[in-house]
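> Supplied in C-alpha cells, the structure appears directly below.
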Amino acid sequence: VEASVPEAQREAWRKFSAKEFTTKDQFESEVVKHIETTLARSLFNCDEAAAYAGTALAFRDRLVIEWNRTQQRQTFADQKRVYYLSLEFLMGRALDNAMLNVQQKDVATAGLEDLGFRMEDIISQERDAALGNGGLGRLAACFLDSLATLNYPAWGYALRYRYGIFRQEIVDGYQVEVPDYWLDFNPWEFPRHDVTVDIQFYGEVRKYMDDAGKQISVWENGEVVTAVAYDAPIPGYGTKTTNNLRLWSSKASHGEFDFTKFNSGEYEASVADQQRAETISAVLYPNDSLDRGKELRLKQQYFWCAASLYDIVRRFKKSGKAWKDFSNQVAIQLNDTHPTLAIPELMRILIDQEGLEWDEAWSITQATFGYTNHTVLPEALEKWSVPLVQQLLPRHLQIIYDINLQFLQYVQRNFPKEREMLGRVSIIEESEPKRVRMAYLAVIGSHKVNGVAELHSDLIKTTIFRDFVKIYGPDKFTNVTNGITPRRWLHQANPRLSELIAAKLGGYDFLKDLNLLSKLEAFVDDKEFRKEFQEIKYANKVRLAKYTKDVHGISVNPNSLFDIQVKRMHEYKRQQLNIFGVIHRYLELKSMTPDQRKKVQPRVFFFGGKAAPGYWMAKMVIHLINQVGKVVNNDKEIGDVLKVVFLEDYNVSKAEMIVPASDISEHISTAGTEASGTSNMKFVLNGGLLIGTCDGANIEITREVGEDNIFLFGNLSEDVDDLRHQHFYGDYVLDPMLAAVFASIRSGTFGDAGQFSALVDSIVDHGDYYLVSDDFKSYVDTQKLIDETYKDQEVWLTKTITAVSRMGFFSSDRCIDEYAEMIWNVEPLPPQQNGA
Ligand code: 8GP
C-alpha cells in the first residue's frame, strides 16, 4: 500500500494525529468546539438540536479515528472479507449506540450536564435512519453490530435513499403516509465524492469474434448514471474495530444539468436527465412482502449491485492476486433475492471485462455467493418480466439464459427420467410474459442457501426449493436461526436491567457472550434481585404509559397487564386475530355484572406497525383497531379493565421504549408463515413472556426457555394445508365466539360496518386463508390462561427471570459466527494491543 507522505514528514503527522477524548473535560471541549465552529452557534443560541449535533460530531470524530485504523488494518492484513448486500438497513439512531459501544456514555452524560443538557433529551433529537421495512432490514443492522463487535472484516452495501420508510400518521383512525426526509442533518455519513462508479442501463449487445476466434460481447449505447459512495462508521462494542457501511447515491453522469439544452431555452429538459438519475436512489419501496415488479425497483437493484461489485472487484484487484483467489478473499451474502443481479453482474465482469472462460467464471461466482431466504410467501418471491430485463439489462439477460441452459443440461443429464422437473426448476417461468425467477437464480448461483429459523429452513427444503435439494443434495441448504444484538436490545433499550444483570454476574461480559445469562438462573429465588427486576419492569411500563398519555391522550394503568403486538401490519401476522380477541373480551365484559368485572385481570392491548400503502386489508385492520379503541377506551363501564392503544409510527427508536414495557407480546402468525421473527427474541430478553403459534423462532425460543415459560396455541404448520382445504370445500363451522364478534362488528358497534365487511368476508366467505377461525378458540383460551397466571405475580416473575436467563442462544453474535464458519469461511481480525 502506497502512503502519500514521505517518511521524513511523517513525524509531524504522528505528533499531530487526531486523538480520542477520554475525559469529561476533553469531551466538553470537543462539543463546545463543534458548536462554536462547525455549527457557528454559541452558548446564547444553543438549543437541544445544536447540543445533539455537537455531541454527535464529537463522537463521530472519535469513531473516525478507529474507523480509519480499522480500514488500514484490514487492507494490510489482506485476508478474506465479508460483504453483506442488503437493500435495507434499519439502523435507528446512531448516537446512543456509538456512546455505548465505545463505552463513553457516562463521560458524555456528565459532560452534557455540565453544559446544561440532559442526555435523554439530546438522544431523542436524532432522527431514525429508517432505511428498511421491518425484520429483514433490522436483522441486517444487528448483523453489522455483531460483525464489528466480533472483529470480522466486513462491509455492508446498500442504497442511500433520500426517503426512508414513510412516517405513519393516524388521522380519524386511518393510516396516512408522510414522506420521511431524513438527511437534513446526518452527521454519521461521509460523502466520498472521489469514489464514484458509472452504471449503465438499456442499450444493446454487440457480438463479434476476436483474432483468436473467441466470441466477445460488448454492451453499448446505454444510458449512464453515476453512483457516489457515502460511508458510515459501524463501531463494535468494546473493541476498536469500526467497520464500514457504504451507501450509494445516484446522480446524473454529466454533472449537474445539461448546459447546451439550458442555453437553448429547454429549461425543463435540461434538468430532466438529472432528476431521472437522482430518482434511482430517491425512495425505499415500502412493501414488506409483496413484489410489484416495478421498473424503478429493478433499476435500484442493478444500480446498487453493479456499484458494489465494481467496488469489491476494484479492491480485490489492488491486491494483485489471481482470479482463482477471488473467493478466498471475498464472501458476498445476498440478503434475500434483492441483490441476485450481482450473480450475472459478476459473470459479466469476469467474462466480458476480464476475459475469463465461462466455467472458471462460474465456479468463482458460485464459491463467492451465499443466499439467505426470508420468506416462503409466494407473493413475496421476486420474478422480473423478461421483456423488462431485456430492455434494461440486455447483456444480463443473455447471461441468465446461459446460466439456465447450463443448469438445465446438468439436470437433464442427472435426472433423465424426470422431464417435468425441467420446467419446474427453470430460471425462466413460461408465463405470459415470461419471467425470471430470482430465487432460483440465487440458489443456482450460490454455494449455500440458508433459512432463518429451523422450521423455516426445513420448509424451504420441502416447498419452494424441493427440487433443488434433489438436484444439489441437502448440504447446499442450511439453517442459521436469527438473533438480535444484546447491545441495542438490552444494554441500550433497557439500561437498568443491563446494570442489574451486570451487578449479579460481576460485569458486562454477558453483552459479548450472551450465554453467560444462564448464570442469572441462580438468582431466581434471590429476594432482592426479584424485587429490583420487578421494579425495573414497572418503571418501563410507567414510561410507556406516560408516552401513551402524552402522545395519544389515553390514560393506561401501569398495573395492568401490558399486551403488545408491534410489527408490520400483515394478514399472515394476524393482528386481526388479536383485535377480534379484544372485541370478544369486550363483549364478555359487557355481559358481566360490575362485581364480576372487578375480578377480571385489567389489560392494555398495544398495537403498532405500518401497512404497505397499497395493502388495503392491512389498512382496514389498523382502522378497526383504532375504532375499537375509541369505543372501549371511552366506555365508562369498562374503565381500566380494558384499554386499546394504537401506537402511531412504530420504528426502531420507539421499539427501544416499547419492548422493555411488555408483560406479554404477541407473535401469532399462521403456522408456517413467519420465517423467524426477531422481536419475539427482544421481548423475552427484556423480561416479557410470549403468546405465540408454533412458528418461526417461537419454536426454538420454546426449546430454550422451556414450555412452562411461553404460551403457545393454535394449529401446527403440518395441518395448515388440510385446514385450508376444508375451508375451500365449506367443510367447517365458523367458531361461534368469532361469529359473535362478527355480529357485533356488523351491527355497527365500532362504526360503519360496511368498511369492515371485506375483512369479515375474507374469513366467512373467502376461505379464511390465514385460519383465524381455526385458531380462535385456542387463542382465547390461552389468553385466559395468561390472565390467571398473571394474577400470581410471584409465579409470573419466576417465569420471566427464568426465560431471560435462557435467551443466550439468540444473540446475533452467535448467528455471525455460524455464517462465518458454515458459509463465509472468514476469520476475525482483532485489533492489536498496541492499537495498530
Ligand atoms: C422477515 C421475515 O418475515 C421475518 O420472519 C424474519 O425474522 C426477518 O425477515 C429476518 O429474517 N422478512 C422481511 O422482513 C421481508 O421479507 N421484507 C421484505 C421487504 C423485503
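Ligands are numbered from 1 in the order shown, residues from 1 within each chain, and chains are lettered A, B, ... in the order they appear in the C-alpha cells.
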Residues at most 7 Å from region 593-608 of chain A, counting only C-alpha atoms, excluding those fewer than 6 positions away in the same chain, as a list in words?

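My list of contacting residues is Ser560, Leu561, Phe562, Asp563, Ile564, Gln565, Val566, Lys567, Asp640, Val641, Leu642, Lys643, Val644, Val645, Phe646, Leu647, Glu648, Tyr650 and Asp787 of chain A.
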
> Go through the chains and note each residue within 9 Å of ligand 1, using only C-alpha atoms and all ligand atoms, then give the set as a PyMOL selection string.

chain A and resi 87-88+132-140+285-291+335-338+372-375+377+380-381+451-453+456+481-483+568+573+673-679+696-697

> Write the residues of the selection above to a file with N, CA and C atoms, as a compact mmCIF listing (two decimals), in the first residue's frame.


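Output below, filename part-v9.txt:
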```txt
# COMPACT_ATOMS: atom_id res chain seq x y z
N LEU A 87 -30.64 -4.49 0.59
CA LEU A 87 -31.32 -3.25 0.16
C LEU A 87 -31.84 -2.48 1.36
N GLU A 88 -31.82 -3.10 2.52
CA GLU A 88 -32.36 -2.45 3.71
C GLU A 88 -31.40 -2.58 4.90
N GLY A 132 -35.35 0.81 5.90
CA GLY A 132 -35.80 -0.57 5.84
C GLY A 132 -37.26 -0.65 6.21
N ASN A 133 -37.84 -1.81 5.92
CA ASN A 133 -39.26 -2.03 6.18
C ASN A 133 -39.54 -2.65 7.53
N GLY A 134 -38.79 -3.70 7.83
CA GLY A 134 -39.10 -4.46 9.04
C GLY A 134 -37.98 -5.43 9.37
N GLY A 135 -38.36 -6.67 9.62
CA GLY A 135 -37.43 -7.69 10.14
C GLY A 135 -36.15 -7.86 9.35
N LEU A 136 -36.29 -7.93 8.05
CA LEU A 136 -35.11 -8.17 7.21
C LEU A 136 -34.10 -7.05 7.35
N GLY A 137 -34.58 -5.82 7.36
CA GLY A 137 -33.71 -4.66 7.46
C GLY A 137 -33.10 -4.52 8.85
N ARG A 138 -33.88 -4.83 9.88
CA ARG A 138 -33.36 -4.73 11.23
C ARG A 138 -32.34 -5.85 11.49
N LEU A 139 -32.59 -7.02 10.91
CA LEU A 139 -31.62 -8.11 11.05
C LEU A 139 -30.26 -7.67 10.48
N ALA A 140 -30.30 -7.03 9.32
CA ALA A 140 -29.06 -6.57 8.69
C ALA A 140 -28.33 -5.60 9.63
N TYR A 285 -38.69 1.33 -1.29
CA TYR A 285 -40.01 0.74 -1.57
C TYR A 285 -40.63 0.24 -0.26
N PRO A 286 -41.86 0.65 0.00
CA PRO A 286 -42.45 0.38 1.31
C PRO A 286 -43.21 -0.94 1.43
N ASN A 287 -43.02 -1.84 0.50
CA ASN A 287 -43.71 -3.14 0.60
C ASN A 287 -42.87 -4.10 1.39
N ASP A 288 -43.43 -4.65 2.45
CA ASP A 288 -42.60 -5.54 3.26
C ASP A 288 -42.64 -6.97 2.75
N SER A 289 -43.64 -7.33 1.98
CA SER A 289 -43.63 -8.71 1.48
C SER A 289 -44.53 -8.87 0.27
N LEU A 290 -44.38 -7.96 -0.67
CA LEU A 290 -45.14 -8.10 -1.89
C LEU A 290 -44.25 -7.59 -2.99
N ASP A 291 -44.10 -8.38 -4.04
CA ASP A 291 -43.27 -7.96 -5.15
C ASP A 291 -44.16 -7.34 -6.21
N ASN A 335 -28.77 -10.77 0.89
CA ASN A 335 -29.85 -10.70 1.87
C ASN A 335 -31.18 -10.72 1.12
N ASP A 336 -31.75 -11.87 1.01
CA ASP A 336 -32.93 -12.13 0.19
C ASP A 336 -32.55 -12.05 -1.29
N THR A 337 -33.55 -12.09 -2.17
CA THR A 337 -33.23 -12.12 -3.60
C THR A 337 -32.95 -10.74 -4.17
N HIS A 338 -33.14 -9.68 -3.39
CA HIS A 338 -32.98 -8.33 -3.95
C HIS A 338 -31.65 -8.10 -4.63
N THR A 372 -29.49 -15.86 1.55
CA THR A 372 -30.40 -16.05 2.68
C THR A 372 -31.83 -15.82 2.24
N ASN A 373 -32.68 -16.79 2.47
CA ASN A 373 -34.11 -16.65 2.16
C ASN A 373 -34.84 -16.22 3.43
N HIS A 374 -35.76 -15.27 3.28
CA HIS A 374 -36.50 -14.77 4.44
C HIS A 374 -38.00 -15.04 4.38
N THR A 375 -38.47 -15.70 3.36
CA THR A 375 -39.91 -15.90 3.28
C THR A 375 -40.29 -17.03 2.34
N LEU A 377 -43.66 -16.95 1.49
CA LEU A 377 -44.90 -16.42 0.92
C LEU A 377 -44.74 -16.24 -0.59
N ALA A 380 -44.26 -12.82 -2.21
CA ALA A 380 -43.06 -12.06 -1.92
C ALA A 380 -41.88 -12.48 -2.80
N LEU A 381 -42.02 -13.59 -3.52
CA LEU A 381 -40.89 -14.09 -4.31
C LEU A 381 -40.75 -13.28 -5.60
N GLY A 451 -32.07 -20.65 5.47
CA GLY A 451 -33.27 -20.08 6.04
C GLY A 451 -32.90 -19.45 7.37
N VAL A 452 -33.90 -18.85 8.05
CA VAL A 452 -33.59 -18.01 9.21
C VAL A 452 -34.11 -18.54 10.55
N ALA A 453 -34.72 -19.73 10.53
CA ALA A 453 -35.05 -20.43 11.77
C ALA A 453 -35.23 -21.91 11.35
N HIS A 456 -38.37 -22.83 9.34
CA HIS A 456 -38.33 -22.17 8.04
C HIS A 456 -37.31 -22.84 7.11
N THR A 481 -30.40 -19.73 12.52
CA THR A 481 -31.51 -19.09 13.24
C THR A 481 -31.12 -17.65 13.57
N ASN A 482 -32.04 -16.74 13.30
CA ASN A 482 -31.80 -15.32 13.53
C ASN A 482 -31.43 -15.01 14.98
N GLY A 483 -30.89 -13.83 15.17
CA GLY A 483 -30.58 -13.36 16.51
C GLY A 483 -30.68 -11.84 16.53
N ARG A 568 -44.82 -5.12 11.33
CA ARG A 568 -45.55 -4.70 10.14
C ARG A 568 -46.96 -5.29 10.14
N LYS A 573 -49.50 -12.13 9.77
CA LYS A 573 -49.09 -11.89 11.15
C LYS A 573 -50.29 -11.83 12.10
N THR A 673 -45.86 -19.46 8.33
CA THR A 673 -45.75 -18.25 7.51
C THR A 673 -44.67 -17.27 7.98
N GLU A 674 -44.41 -17.21 9.26
CA GLU A 674 -43.39 -16.26 9.76
C GLU A 674 -42.05 -16.97 9.76
N ALA A 675 -41.16 -16.51 8.90
CA ALA A 675 -39.90 -17.23 8.73
C ALA A 675 -39.18 -17.40 10.07
N SER A 676 -39.03 -16.32 10.79
CA SER A 676 -38.40 -16.42 12.10
C SER A 676 -39.09 -15.50 13.10
N GLY A 677 -39.09 -14.21 12.77
CA GLY A 677 -39.45 -13.21 13.77
C GLY A 677 -38.19 -12.90 14.56
N THR A 678 -38.02 -11.65 14.95
CA THR A 678 -36.88 -11.30 15.79
C THR A 678 -37.34 -10.47 16.99
N SER A 679 -38.49 -9.81 16.87
CA SER A 679 -38.94 -9.05 18.04
C SER A 679 -39.33 -10.01 19.15
N GLY A 696 -41.84 -20.16 13.14
CA GLY A 696 -40.57 -19.43 13.14
C GLY A 696 -39.73 -19.73 14.36
N ALA A 697 -39.09 -18.71 14.87
CA ALA A 697 -38.19 -18.89 16.01
C ALA A 697 -38.94 -19.11 17.32
```

> May I have the residues within 8 Å of region 223-236 of chain A as a PDB file with C-alpha atoms, in the first residue's frame, using only C-alpha atoms and disregarding those fewer than 3 positions away in the same chain?


```pdb
ATOM      1  CA  LEU A  63     -15.305   6.848  15.612  1.00  0.00           C
ATOM      2  CA  VAL A  64     -13.482   8.114  12.555  1.00  0.00           C
ATOM      3  CA  TRP A  67     -12.557   3.587  11.532  1.00  0.00           C
ATOM      4  CA  ALA A  98     -21.972   4.846  19.450  1.00  0.00           C
ATOM      5  CA  ASN A 101     -20.207   0.779  22.055  1.00  0.00           C
ATOM      6  CA  VAL A 102     -17.160   2.935  22.730  1.00  0.00           C
ATOM      7  CA  LEU A 144     -23.425  -5.117  11.303  1.00  0.00           C
ATOM      8  CA  ASP A 145     -23.188  -4.581  15.050  1.00  0.00           C
ATOM      9  CA  SER A 146     -22.138  -8.190  15.614  1.00  0.00           C
ATOM     10  CA  LEU A 147     -19.669  -8.254  12.721  1.00  0.00           C
ATOM     11  CA  ALA A 148     -17.840  -5.239  14.149  1.00  0.00           C
ATOM     12  CA  THR A 149     -18.056  -6.486  17.739  1.00  0.00           C
ATOM     13  CA  LEU A 150     -16.563  -9.834  16.745  1.00  0.00           C
ATOM     14  CA  ASN A 151     -13.842  -8.092  14.685  1.00  0.00           C
ATOM     15  CA  ARG A 160     -28.633   5.962   0.254  1.00  0.00           C
ATOM     16  CA  TRP A 188     -22.851   9.993  10.563  1.00  0.00           C
ATOM     17  CA  GLU A 189     -22.302   9.862   6.843  1.00  0.00           C
ATOM     18  CA  PHE A 190     -19.208  10.811   4.853  1.00  0.00           C
ATOM     19  CA  PRO A 191     -19.718  11.654   1.199  1.00  0.00           C
ATOM     20  CA  ARG A 192     -16.889  10.190  -0.865  1.00  0.00           C
ATOM     21  CA  HIS A 193     -17.090  12.336  -3.942  1.00  0.00           C
ATOM     22  CA  ASP A 194     -13.943  10.661  -5.197  1.00  0.00           C
ATOM     23  CA  VAL A 195     -15.479   7.193  -5.020  1.00  0.00           C
ATOM     24  CA  THR A 196     -17.856   7.013  -7.962  1.00  0.00           C
ATOM     25  CA  VAL A 197     -18.919   4.327 -10.398  1.00  0.00           C
ATOM     26  CA  ASP A 198     -20.655   4.810 -13.728  1.00  0.00           C
ATOM     27  CA  ILE A 199     -23.560   2.417 -14.094  1.00  0.00           C
ATOM     28  CA  GLN A 200     -25.031   1.553 -17.477  1.00  0.00           C
ATOM     29  CA  PHE A 201     -28.659   0.791 -18.366  1.00  0.00           C
ATOM     30  CA  TYR A 202     -30.507  -0.071 -21.599  1.00  0.00           C
ATOM     31  CA  GLY A 203     -28.510  -0.134 -24.841  1.00  0.00           C
ATOM     32  CA  THR A 239     -13.422  -3.268  20.507  1.00  0.00           C
ATOM     33  CA  LYS A 240     -11.630  -0.777  18.334  1.00  0.00           C
ATOM     34  CA  THR A 241     -12.900  -2.437  15.187  1.00  0.00           C
ATOM     35  CA  THR A 242     -15.041   0.047  13.299  1.00  0.00           C
ATOM     36  CA  ASN A 243     -16.429  -1.320  10.041  1.00  0.00           C
ATOM     37  CA  ASN A 244     -17.926   0.449   7.063  1.00  0.00           C
ATOM     38  CA  LEU A 245     -21.435   0.715   5.721  1.00  0.00           C
ATOM     39  CA  ARG A 246     -21.332   2.070   2.176  1.00  0.00           C
ATOM     40  CA  LEU A 247     -24.477   3.601   0.719  1.00  0.00           C
ATOM     41  CA  TRP A 248     -24.716   4.521  -2.960  1.00  0.00           C
ATOM     42  CA  SER A 249     -26.429   7.668  -4.125  1.00  0.00           C
ATOM     43  CA  SER A 250     -27.361   8.223  -7.762  1.00  0.00           C
ATOM     44  CA  LYS A 251     -26.663  11.337  -9.801  1.00  0.00           C
ATOM     45  CA  ALA A 252     -26.511  12.307 -13.458  1.00  0.00           C
ATOM     46  CA  SER A 253     -23.263  11.212 -15.040  1.00  0.00           C
ATOM     47  CA  ALA A 277     -30.865   9.876 -12.444  1.00  0.00           C
ATOM     48  CA  PHE A 303     -27.538   0.185  -9.728  1.00  0.00           C
ATOM     49  CA  ALA A 307     -21.707  -0.236  -7.940  1.00  0.00           C
TER      50      ALA A 307
END
```

> In Å, rounded to a single decimal, give me how far CA of Gly688 (chain A) is from CA of Lys541 (chain A).

11.3 Å

> Compile the contact shell of Arg488 (chain A) as a PyMOL selection string: residues with an atom at most 7 Å away, counting only C-alpha atoms, same-chain residues fewer than 4 positions apart removed.

chain A and resi 97+492-493

> For a test of reading the model, state the distance in Å between CA of Ile351 (chain A) and CA of Asn825 (chain A), rounded to one decimal.

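If I compute the distance from CA of Ile351 (chain A) to CA of Asn825 (chain A), I get 25.5 Å.
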
> Work out how far apart CA of Leu738 (chain A) and CA of Glu788 (chain A) are and give it in Å to one decimal.

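According to the coordinates, CA of Leu738 (chain A) and CA of Glu788 (chain A) are separated by 22.0 Å.
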
> List the neighbours of region 798-802 of chain A out to 7 Å using only C-alpha atoms; skip same-chain residues closer than 6 positions along the sequence, and give me the result as a short mmCIF file (atom, residue, chain, number, x, y, z; two decimals) with N, CA and C atoms, in the first residue's frame.


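The result, stored in out_31.cif:
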```cif
data_model
loop_
_atom_site.label_atom_id
_atom_site.label_comp_id
_atom_site.auth_asym_id
_atom_site.auth_seq_id
_atom_site.Cartn_x
_atom_site.Cartn_y
_atom_site.Cartn_z
N GLU A 521 -29.86 -17.62 36.42
CA GLU A 521 -30.88 -18.53 36.94
C GLU A 521 -30.64 -18.84 38.42
N VAL A 524 -32.77 -16.73 40.76
CA VAL A 524 -34.22 -16.68 40.57
C VAL A 524 -34.98 -16.60 41.90
N GLY A 687 -37.58 -9.45 29.64
CA GLY A 687 -38.45 -9.83 30.75
C GLY A 687 -39.93 -9.81 30.45
N GLY A 688 -40.30 -10.09 29.22
CA GLY A 688 -41.71 -10.27 28.87
C GLY A 688 -41.92 -11.70 28.38
N LEU A 689 -43.12 -12.21 28.54
CA LEU A 689 -43.39 -13.56 28.03
C LEU A 689 -44.11 -13.45 26.68
N ASN A 709 -42.63 -21.56 30.20
CA ASN A 709 -42.35 -20.13 30.22
C ASN A 709 -42.74 -19.43 28.92
#
```

> From a backbone DSSP assignment, name each residue in region 547-623 of chain A labelled strand (DSSP E), as number ranges by chain.

A: 561-566, 603-608

> Could you write those residues out with C-alpha atoms, as a PDB file, in the first residue's frame?


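Saved as again_29.pdb:
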```
ATOM      1  CA  LEU A 561     -51.091  -6.461  32.137  1.00  0.00           C
ATOM      2  CA  PHE A 562     -49.366  -4.842  29.145  1.00  0.00           C
ATOM      3  CA  ASP A 563     -50.009  -6.877  26.000  1.00  0.00           C
ATOM      4  CA  ILE A 564     -48.086  -5.709  22.946  1.00  0.00           C
ATOM      5  CA  GLN A 565     -48.129  -6.576  19.261  1.00  0.00           C
ATOM      6  CA  VAL A 566     -45.776  -4.378  17.238  1.00  0.00           C
ATOM      7  CA  ARG A 603     -55.198  -5.370  30.380  1.00  0.00           C
ATOM      8  CA  VAL A 604     -53.919  -2.856  27.917  1.00  0.00           C
ATOM      9  CA  PHE A 605     -53.569  -4.030  24.325  1.00  0.00           C
ATOM     10  CA  PHE A 606     -50.951  -2.045  22.459  1.00  0.00           C
ATOM     11  CA  PHE A 607     -50.657  -2.305  18.710  1.00  0.00           C
ATOM     12  CA  GLY A 608     -48.159  -0.681  16.393  1.00  0.00           C
TER      13      GLY A 608
END
```

> List as an NGL selection string the protein and nucleic acid residues near Pro394 (chain A), meaning an atom at most 12 Å away when only C-alpha atoms are counted, but skip any in the same chain fewer than 6 places from it.

:A and (200-206 or 217-222 or 344-345 or 348 or 386-388 or 400-401)

> Since we have the selection now, will you write its residues out, keeping N, CA and C atoms, as a tab-separated table (two decimals), in the first residue's frame?


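Written file, selection-v6.tsv:
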```tsv
chain	number	residue	atom	x	y	z
A	200	GLN	N	-24.36	1.52	-16.18
A	200	GLN	CA	-25.03	1.55	-17.48
A	200	GLN	C	-26.41	0.88	-17.42
A	201	PHE	N	-27.34	1.43	-18.18
A	201	PHE	CA	-28.66	0.79	-18.37
A	201	PHE	C	-29.02	0.81	-19.84
A	202	TYR	N	-29.97	-0.02	-20.21
A	202	TYR	CA	-30.51	-0.07	-21.60
A	202	TYR	C	-29.39	-0.39	-22.60
A	203	GLY	N	-29.51	0.12	-23.81
A	203	GLY	CA	-28.51	-0.13	-24.84
A	203	GLY	C	-28.68	-1.50	-25.47
A	204	GLU	N	-27.63	-1.97	-26.17
A	204	GLU	CA	-27.72	-3.29	-26.80
A	204	GLU	C	-26.39	-4.02	-26.73
A	205	VAL	N	-26.40	-5.27	-27.10
A	205	VAL	CA	-25.19	-6.09	-27.02
A	205	VAL	C	-24.70	-6.37	-28.44
A	206	ARG	N	-23.44	-6.06	-28.68
A	206	ARG	CA	-22.83	-6.38	-29.98
A	206	ARG	C	-21.88	-7.57	-29.76
A	217	SER	N	-18.57	-10.19	-26.26
A	217	SER	CA	-19.83	-9.44	-26.16
A	217	SER	C	-19.54	-8.04	-25.64
A	218	VAL	N	-20.09	-7.06	-26.30
A	218	VAL	CA	-19.91	-5.68	-25.84
A	218	VAL	C	-21.28	-5.06	-25.61
A	219	TRP	N	-21.47	-4.54	-24.41
A	219	TRP	CA	-22.74	-3.88	-24.07
A	219	TRP	C	-22.53	-2.39	-24.30
A	220	GLU	N	-23.31	-1.82	-25.20
A	220	GLU	CA	-23.01	-0.43	-25.56
A	220	GLU	C	-24.26	0.42	-25.76
A	221	ASN	N	-24.02	1.73	-25.90
A	221	ASN	CA	-25.07	2.71	-26.22
A	221	ASN	C	-26.17	2.86	-25.18
A	222	GLY	N	-25.86	2.57	-23.97
A	222	GLY	CA	-26.93	2.73	-22.97
A	222	GLY	C	-26.95	4.13	-22.39
A	344	PRO	N	-25.31	-12.49	-12.17
A	344	PRO	CA	-24.95	-12.26	-13.57
A	344	PRO	C	-23.99	-11.09	-13.75
A	345	GLU	N	-24.02	-10.13	-12.83
A	345	GLU	CA	-23.09	-9.00	-12.96
A	345	GLU	C	-21.64	-9.47	-12.75
A	348	ARG	N	-20.59	-11.20	-15.82
A	348	ARG	CA	-20.31	-10.23	-16.90
A	348	ARG	C	-18.92	-9.61	-16.73
A	386	VAL	N	-39.31	-10.85	-18.38
A	386	VAL	CA	-38.20	-10.99	-19.32
A	386	VAL	C	-38.09	-9.76	-20.24
A	387	PRO	N	-39.20	-9.25	-20.80
A	387	PRO	CA	-39.07	-8.07	-21.65
A	387	PRO	C	-38.46	-6.87	-20.91
A	388	LEU	N	-38.81	-6.72	-19.62
A	388	LEU	CA	-38.25	-5.62	-18.84
A	388	LEU	C	-36.74	-5.79	-18.66
A	400	ILE	N	-28.13	-14.72	-17.99
A	400	ILE	CA	-29.10	-15.51	-17.22
A	400	ILE	C	-29.57	-16.71	-18.07
A	401	TYR	N	-29.83	-16.46	-19.34
A	401	TYR	CA	-30.22	-17.57	-20.22
A	401	TYR	C	-29.11	-18.62	-20.33
```

> May I have the residues within 12 Å of Leu183 (chain A) as a ChimeraX atom specification, using only C-alpha atoms and disregarding those fewer than 3 positions away in the same chain?

/A:126-131,160-164,180,186-189,282

> Counting only C-alpha atoms, figure out which residue out of A:Gln79, A:Ser385, A:Thr260, A:Gln300 gets nearest to Ser327 (chain A).

A:Gln79

> Identify, with DSSP run on backbone atoms, the residues in region 363-463 of chain A assigned to alpha helix (DSSP H), and express the list as a PyMOL selection string.

chain A and resi 363-368+386-392+394-414+419-425+438-445+454-462

> Put those residues in a file: C-alpha atoms, as a short mmCIF file (atom, residue, chain, number, x, y, z; two decimals), in the first residue's frame.


```cif
data_model
loop_
_atom_site.label_atom_id
_atom_site.label_comp_id
_atom_site.auth_asym_id
_atom_site.auth_seq_id
_atom_site.Cartn_x
_atom_site.Cartn_y
_atom_site.Cartn_z
CA SER A 363 -17.03 -21.61 -10.27
CA ILE A 364 -15.67 -18.33 -8.86
CA THR A 365 -19.18 -16.90 -8.78
CA GLN A 366 -20.74 -19.87 -7.03
CA ALA A 367 -17.95 -20.01 -4.49
CA THR A 368 -18.38 -16.30 -3.72
CA VAL A 386 -38.20 -10.99 -19.32
CA PRO A 387 -39.07 -8.07 -21.65
CA LEU A 388 -38.25 -5.62 -18.84
CA VAL A 389 -34.89 -7.25 -18.11
CA GLN A 390 -34.21 -7.47 -21.86
CA GLN A 391 -34.72 -3.74 -22.23
CA LEU A 392 -32.92 -2.57 -19.11
CA PRO A 394 -29.74 -6.85 -22.26
CA ARG A 395 -26.36 -8.44 -21.53
CA HIS A 396 -27.51 -9.76 -18.16
CA LEU A 397 -30.49 -11.44 -19.72
CA GLN A 398 -28.18 -13.30 -22.09
CA ILE A 399 -26.03 -14.40 -19.18
CA ILE A 400 -29.10 -15.51 -17.22
CA TYR A 401 -30.22 -17.57 -20.22
CA ASP A 402 -26.75 -19.10 -20.46
CA ILE A 403 -26.72 -19.94 -16.76
CA ASN A 404 -30.13 -21.51 -17.19
CA LEU A 405 -29.07 -23.54 -20.22
CA GLN A 406 -26.05 -24.98 -18.43
CA PHE A 407 -28.13 -25.69 -15.38
CA LEU A 408 -30.95 -27.41 -17.26
CA GLN A 409 -28.46 -29.53 -19.20
CA TYR A 410 -26.97 -30.60 -15.90
CA VAL A 411 -30.40 -31.52 -14.56
CA GLN A 412 -31.23 -33.42 -17.73
CA ARG A 413 -28.02 -35.42 -17.55
CA ASN A 414 -28.54 -36.31 -13.91
CA ARG A 419 -38.53 -34.36 -17.78
CA GLU A 420 -41.28 -32.40 -15.99
CA MET A 421 -38.69 -31.25 -13.50
CA LEU A 422 -37.01 -29.10 -16.16
CA GLY A 423 -39.99 -26.79 -16.45
CA ARG A 424 -40.37 -26.61 -12.70
CA VAL A 425 -36.78 -25.61 -11.95
CA MET A 438 -34.86 -14.60 -8.94
CA ALA A 439 -34.92 -17.07 -6.05
CA TYR A 440 -33.92 -19.91 -8.38
CA LEU A 441 -31.12 -17.82 -9.86
CA ALA A 442 -29.94 -17.07 -6.32
CA VAL A 443 -29.97 -20.75 -5.36
CA ILE A 444 -28.15 -21.80 -8.53
CA GLY A 445 -25.54 -19.06 -8.28
CA GLU A 454 -35.17 -24.22 11.93
CA LEU A 455 -38.78 -24.66 10.86
CA HIS A 456 -38.33 -22.17 8.04
CA SER A 457 -35.13 -23.80 6.80
CA ASP A 458 -36.92 -27.15 6.79
CA LEU A 459 -39.92 -25.68 5.00
CA ILE A 460 -37.93 -24.15 2.16
CA LYS A 461 -36.41 -27.57 1.55
CA THR A 462 -39.79 -29.23 1.23
#
```
